[in-house]
Amino acid sequence: MTRELRAVEWAGDALALIDQTALPHRKEVLRVADVDALVDAIRRLVVRGAPAIGAAGAYGVAIALLQGERERWDRTRIRAEVARIRAARPTAVNLAVSVDRVLARLDEGVTAVLAEAVAVQREDVEANHALGSYGADWLLKRLDTDRPLRVLTHCNTGALATAGWGTALGVIRELHARGQLETVYADETRPLLQGSRLTAWELAEEGIAHYVQADGAAAGTILRGEVDAAVVGADRIAANGDTANKVGTVGIALACAHAGIPFIVAAPTTTVDLATASGEDIAIELRGEEEVLEWGGIRTAPVGSRGHNPAFDVTPGSLVTALVTERGVLEVASGELPRDHLA
């Protein structure tokens with residue numbers, strides 16, 4: 001692509017979001033100019049991925065401020081509306097961090113608020129490029145092979161999930177740019193297919209060779225020796241290295257541990273929450289039952305069945321071979337913990 005993809009962009013007086021529920025069949029841009037629309041877009045996964053949600057939340061403070069000026073809200077109402085944005089998805093730490101950072105400039109006016117939101121987005125893009133380079137360097141040194149790598153990834157961690165470029169997919173893009181990538185195994189990622197709809201779309205757009213596979217195939221692909229490493233993103237990383245990511249991630253980590261290949265988490269330091277001691281303290285979002293009881297609006301499970309639909313699971317730090325951030329690489333399973341190095 002001649003221009004890096006941006007899932008979140010400010011468009012004068014509103015937020016322009018690529019509607020990720022329409023991909024890969026249609027590329028539609030949703031214009032968001034009020035708080036209700038933004039909260040709905042975050043909850044419906046029009047915008048998704050921890051860093052992308054963080055960028056949207058940062059601009060959301062400006063949306064609340066502008067709406068407040070139009071509708072003559074007082075400061076208490078504006079802050080209450082911003083709090084709704086902040087709470088739209090509880091697991092991804094970037095949303096709260098970004099909103100709080102921009103909210104601190106609320107009393108300076110919309111120009112200052114927008115400047116801070118732009119900085120949030122710019123810094124995430126810069127961080128993603130840096131961590132992509134660090135991750136590629138580490139992988140090529142660790143694996144020390146004379147052939148291009150075969151990498152497995154889960155969910156979507158590319159430009160669609162971030163402020164730009166990508167985290168785990170940023171590492172993959174960097175390997176591809178260096179001519180060091182053979183192929184990518186992209187898990188389809190149930191129940192909303194972020195892998196097959198979004199990751200595969202991004203890979204296809206850039207001509208990167210890939211396979212889409214069922215989530216249940218991932219462990220077998222790893223154990224058959226068809227994968228050199230797994231690289232995933234994160235929605236929240238605890239101080240001890242435990243990592244919350246899209247449900248299905250922990251099974252990949254277990255398979256990698258059994259196969260003796262690296263399991264890498266790629267995320268900016270804004271996703272590291274040192275106030276969360278361990279994965280036991282991470283709130284796991286439970287989404288609606290219909291996402292697993294229905295397909296395309298048609299019920300596939302018996303009427304009496306209930307749906308269990310956690311959006312995330314937690315991978316213990318002991319299974320995380322390496323955590324890659326814009327500051328470098330921590331070998332978490334070997335004892336290099338975020339609380340000791342990223343404070």
# chains A, B, ... in the order shown; residues from 1 in each chain; ligands from 1
$ select_by_dssp --residues "segment 146-265 of chain A" --states "strand (DSSP E or B)" --output "number ranges by chain"
A: 149-153, 158, 166, 181-187, 210-213, 229-232, 236-238, 243-246, 263-265
$ residues_around --residues "Cys256 of chain A" --least-positions-apart "4" --cutoff "10 Å" --atoms "only C-alpha atoms" --output "list in words"
Ala218, Ala219, Ile222, Leu223, Val227, Asp228, Ala229, Ala230, Val250, Gly251, Ile252, Gly260, Ile261, Pro262, Phe263, Ile264, Leu319, Val320 and Thr321 of chain A
$ residues_around --residues "Leu169 of chain A" --least-positions-apart "2" --cutoff "9 Å" --atoms "only C-alpha atoms" --output "PyMOL selection string"
chain A and resi 132+153+156-159+165-167+171-174+199+203+231-233+266
$ write_last_selection --atoms "N, CA, C and O atoms" --output "CSV table (one decimal), in the first residue's frame"
chain,number,residue,atom,x,y,z
A,132,GLY,N,8.1,-3.4,16.1
A,132,GLY,CA,8.2,-4.3,14.9
A,132,GLY,C,9.7,-4.7,14.6
A,132,GLY,O,10.0,-5.8,14.3
A,153,THR,N,-0.2,-16.3,13.9
A,153,THR,CA,-0.8,-15.2,14.7
A,153,THR,C,-2.2,-15.4,14.9
A,153,THR,O,-2.9,-16.2,14.3
A,156,ASN,N,-6.6,-10.0,15.3
A,156,ASN,CA,-6.0,-9.0,14.3
A,156,ASN,C,-5.2,-8.0,15.2
A,156,ASN,O,-5.7,-7.4,16.1
A,157,THR,N,-4.0,-7.8,14.8
A,157,THR,CA,-3.1,-6.9,15.5
A,157,THR,C,-2.4,-6.0,14.5
A,157,THR,O,-1.3,-5.5,14.8
A,158,GLY,N,-3.0,-5.7,13.4
A,158,GLY,CA,-2.4,-4.8,12.4
A,158,GLY,C,-2.8,-3.4,12.5
A,158,GLY,O,-3.2,-2.9,13.6
A,159,ALA,N,-2.8,-2.7,11.4
A,159,ALA,CA,-3.2,-1.3,11.3
A,159,ALA,C,-4.6,-1.1,11.8
A,159,ALA,O,-5.0,-0.1,12.3
A,165,TRP,N,0.1,0.7,11.5
A,165,TRP,CA,1.2,-0.2,11.3
A,165,TRP,C,0.9,-1.6,12.0
A,165,TRP,O,0.8,-2.6,11.3
A,166,GLY,N,0.8,-1.6,13.3
A,166,GLY,CA,0.4,-2.9,14.0
A,166,GLY,C,1.5,-3.3,15.0
A,166,GLY,O,2.6,-2.8,15.0
A,167,THR,N,1.0,-4.2,15.9
A,167,THR,CA,1.9,-4.7,16.9
A,167,THR,C,2.5,-6.1,16.5
A,167,THR,O,3.5,-6.1,15.8
A,171,VAL,N,5.4,-6.8,13.6
A,171,VAL,CA,6.6,-7.6,13.5
A,171,VAL,C,6.6,-8.4,12.2
A,171,VAL,O,7.6,-8.6,11.5
A,172,ILE,N,5.4,-9.0,11.9
A,172,ILE,CA,5.3,-9.7,10.6
A,172,ILE,C,5.6,-8.9,9.4
A,172,ILE,O,6.3,-9.3,8.5
A,173,ARG,N,5.1,-7.7,9.4
A,173,ARG,CA,5.4,-6.7,8.3
A,173,ARG,C,6.8,-6.5,8.2
A,173,ARG,O,7.4,-6.4,7.0
A,174,GLU,N,7.5,-6.3,9.3
A,174,GLU,CA,8.9,-6.0,9.3
A,174,GLU,C,9.7,-7.2,8.7
A,174,GLU,O,10.6,-7.1,7.9
A,199,THR,N,-7.3,-9.8,9.6
A,199,THR,CA,-5.9,-10.0,9.4
A,199,THR,C,-5.6,-10.5,8.0
A,199,THR,O,-4.7,-10.0,7.3
A,203,LEU,N,-3.2,-8.8,5.2
A,203,LEU,CA,-2.1,-9.5,4.5
A,203,LEU,C,-2.3,-9.5,3.0
A,203,LEU,O,-1.3,-9.4,2.2
A,231,VAL,N,3.3,-15.1,17.1
A,231,VAL,CA,3.4,-13.7,17.6
A,231,VAL,C,2.0,-13.2,17.7
A,231,VAL,O,1.2,-13.2,16.7
A,232,VAL,N,1.6,-12.7,18.9
A,232,VAL,CA,0.3,-12.2,19.2
A,232,VAL,C,0.4,-10.9,19.8
A,232,VAL,O,1.4,-10.4,20.3
A,233,GLY,N,-0.8,-10.2,19.9
A,233,GLY,CA,-0.9,-8.9,20.6
A,233,GLY,C,-1.3,-9.1,22.0
A,233,GLY,O,-1.3,-10.2,22.6
A,266,ALA,N,3.6,-9.0,21.4
A,266,ALA,CA,4.0,-7.7,20.9
A,266,ALA,C,3.0,-6.6,21.2
A,266,ALA,O,1.9,-6.7,20.8
$ atom_distance --atom1 "atom CA of Arg150 of chain A" --atom2 "atom CA of Arg224 of chain A"
12.6 Å
$ select_by_dssp --residues "segment 77-326 of chain A" --states "alpha helix (DSSP H)" --output "PyMOL selection string"
chain A and resi 77-86+93-103+110-143+168-177+194+200-205+218-223+249-259+290-293
$ residues_around --residues "Leu342 of chain A" --least-positions-apart "6" --cutoff "12 Å" --atoms "only C-alpha atoms" --output "PyMOL selection string"
chain A and resi 237-241+268-275+323-330+336
$ closest_residue --among "A:Ala83, A:Ala255, A:Leu160, A:Pro148" --to "Ile18 of chain A" --atoms "only C-alpha atoms"
A:Leu160
$ atom_distance --atom1 "atom CA of Val265 of chain A" --atom2 "atom CA of Ala52 of chain A"
17.1 Å
$ residues_around --residues "Trp201 of chain A" --least-positions-apart "4" --cutoff "7 Å" --atoms "only C-alpha atoms" --output "PDB file with all heavy atoms, in the first residue's frame"
ATOM      1  N   PRO A  24     -14.349  -8.229   5.201  1.00  0.00           N
ATOM      2  CA  PRO A  24     -13.516  -7.783   4.070  1.00  0.00           C
ATOM      3  C   PRO A  24     -14.315  -7.436   2.820  1.00  0.00           C
ATOM      4  O   PRO A  24     -13.726  -7.077   1.805  1.00  0.00           O
ATOM      5  CB  PRO A  24     -12.658  -9.011   3.811  1.00  0.00           C
ATOM      6  CG  PRO A  24     -13.585 -10.158   4.094  1.00  0.00           C
ATOM      7  CD  PRO A  24     -14.424  -9.716   5.265  1.00  0.00           C
ATOM      8  N   ARG A 197     -11.411 -12.277   8.648  1.00  0.00           N
ATOM      9  CA  ARG A 197     -11.978 -11.080   8.024  1.00  0.00           C
ATOM     10  C   ARG A 197     -10.975  -9.934   7.933  1.00  0.00           C
ATOM     11  O   ARG A 197     -10.941  -9.206   6.940  1.00  0.00           O
ATOM     12  CB  ARG A 197     -13.195 -10.582   8.819  1.00  0.00           C
ATOM     13  CG  ARG A 197     -14.406 -11.480   8.751  1.00  0.00           C
ATOM     14  CD  ARG A 197     -15.639 -10.790   9.330  1.00  0.00           C
ATOM     15  NE  ARG A 197     -15.427 -10.326  10.698  1.00  0.00           N
ATOM     16  CZ  ARG A 197     -15.257  -9.043  11.030  1.00  0.00           C
ATOM     17  NH1 ARG A 197     -15.256  -8.098  10.102  1.00  0.00           N
ATOM     18  NH2 ARG A 197     -15.083  -8.714  12.301  1.00  0.00           N
ATOM     19  N   GLU A 205      -3.844  -7.339   1.199  1.00  0.00           N
ATOM     20  CA  GLU A 205      -3.610  -6.001   0.672  1.00  0.00           C
ATOM     21  C   GLU A 205      -2.127  -5.753   0.400  1.00  0.00           C
ATOM     22  O   GLU A 205      -1.775  -4.994  -0.507  1.00  0.00           O
ATOM     23  CB  GLU A 205      -4.129  -4.954   1.660  1.00  0.00           C
ATOM     24  CG  GLU A 205      -5.633  -4.815   1.700  1.00  0.00           C
ATOM     25  CD  GLU A 205      -6.189  -4.075   0.507  1.00  0.00           C
ATOM     26  OE1 GLU A 205      -5.880  -2.882   0.352  1.00  0.00           O
ATOM     27  OE2 GLU A 205      -6.919  -4.702  -0.294  1.00  0.00           O
TER      28      GLU A 205
END
$ residues_around --residues "Gly60 of chain A" --least-positions-apart "5" --cutoff "10 Å" --atoms "only C-alpha atoms" --output "PDB file with C-alpha atoms, in the first residue's frame"
ATOM      1  CA  ALA A  14     -15.648  14.207  13.826  1.00  0.00           C
ATOM      2  CA  LEU A  15     -13.925  10.850  13.986  1.00  0.00           C
ATOM      3  CA  VAL A  32     -18.741   9.616  14.508  1.00  0.00           C
ATOM      4  CA  ALA A  33     -19.667  13.016  15.888  1.00  0.00           C
ATOM      5  CA  ASP A  34     -21.350  12.265  19.228  1.00  0.00           C
ATOM      6  CA  VAL A  35     -20.693  10.221  22.343  1.00  0.00           C
ATOM      7  CA  LEU A  38     -18.662   6.406  19.642  1.00  0.00           C
ATOM      8  CA  VAL A  39     -19.666   4.192  22.590  1.00  0.00           C
ATOM      9  CA  ILE A  53      -9.665   1.771  20.914  1.00  0.00           C
ATOM     10  CA  GLY A  54      -7.213   3.917  22.865  1.00  0.00           C
ATOM     11  CA  ALA A  55      -6.819   6.311  19.929  1.00  0.00           C
ATOM     12  CA  LEU A  65     -16.247  18.576  24.314  1.00  0.00           C
ATOM     13  CA  LEU A  66     -17.580  19.623  20.895  1.00  0.00           C
ATOM     14  CA  GLU A  81     -19.977  11.515  28.965  1.00  0.00           C
ATOM     15  CA  VAL A  82     -16.215  11.005  28.764  1.00  0.00           C
ATOM     16  CA  ILE A  85     -16.430   6.361  26.608  1.00  0.00           C
ATOM     17  CA  ARG A  86     -13.748   5.274  29.067  1.00  0.00           C
ATOM     18  CA  SER A  98      -5.602   7.382  26.624  1.00  0.00           C
ATOM     19  CA  VAL A  99      -8.859   8.951  27.786  1.00  0.00           C
ATOM     20  CA  VAL A 102      -6.388  13.662  27.071  1.00  0.00           C
ATOM     21  CA  LEU A 103      -8.978  14.485  29.734  1.00  0.00           C
ATOM     22  CA  VAL A 113      -7.479  18.293  23.623  1.00  0.00           C
ATOM     23  CA  LEU A 114      -7.104  17.500  19.929  1.00  0.00           C
ATOM     24  CA  ALA A 117      -5.196  13.051  20.995  1.00  0.00           C
TER      25      ALA A 117
END
$ atom_distance --atom1 "atom CA of Asp19 of chain A" --atom2 "atom CA of Ala161 of chain A"
11.7 Å
$ closest_residue --among "A:Val118, A:Ile63, A:Val212, A:Leu192" --to "Val46 of chain A" --atoms "only C-alpha atoms"
A:Leu192
$ residues_around --residues "Val314 of chain A" --least-positions-apart "5" --cutoff "12 Å" --atoms "only C-alpha atoms" --output "PyMOL selection string"
chain A and resi 91+234-238+241-254+278-285+319-320
$ closest_residue --among "A:Thr276, A:Pro51, A:Gly220, A:Ala168" --to "Leu131 of chain A" --atoms "only C-alpha atoms"
A:Ala168
$ closest_residue --among "A:Leu175, A:Val184, A:Ala7, A:Val93" --to "His154 of chain A" --atoms "only C-alpha atoms"
A:Val184
$ closest_residue --among "A:Ala136, A:Val8, A:Ala92, A:Leu198" --to "Val120 of chain A" --atoms "only C-alpha atoms"
A:Val8
$ closest_residue --among "A:Ala115, A:Asn128, A:Trp10, A:Val303" --to "Thr162 of chain A" --atoms "only C-alpha atoms"
A:Asn128
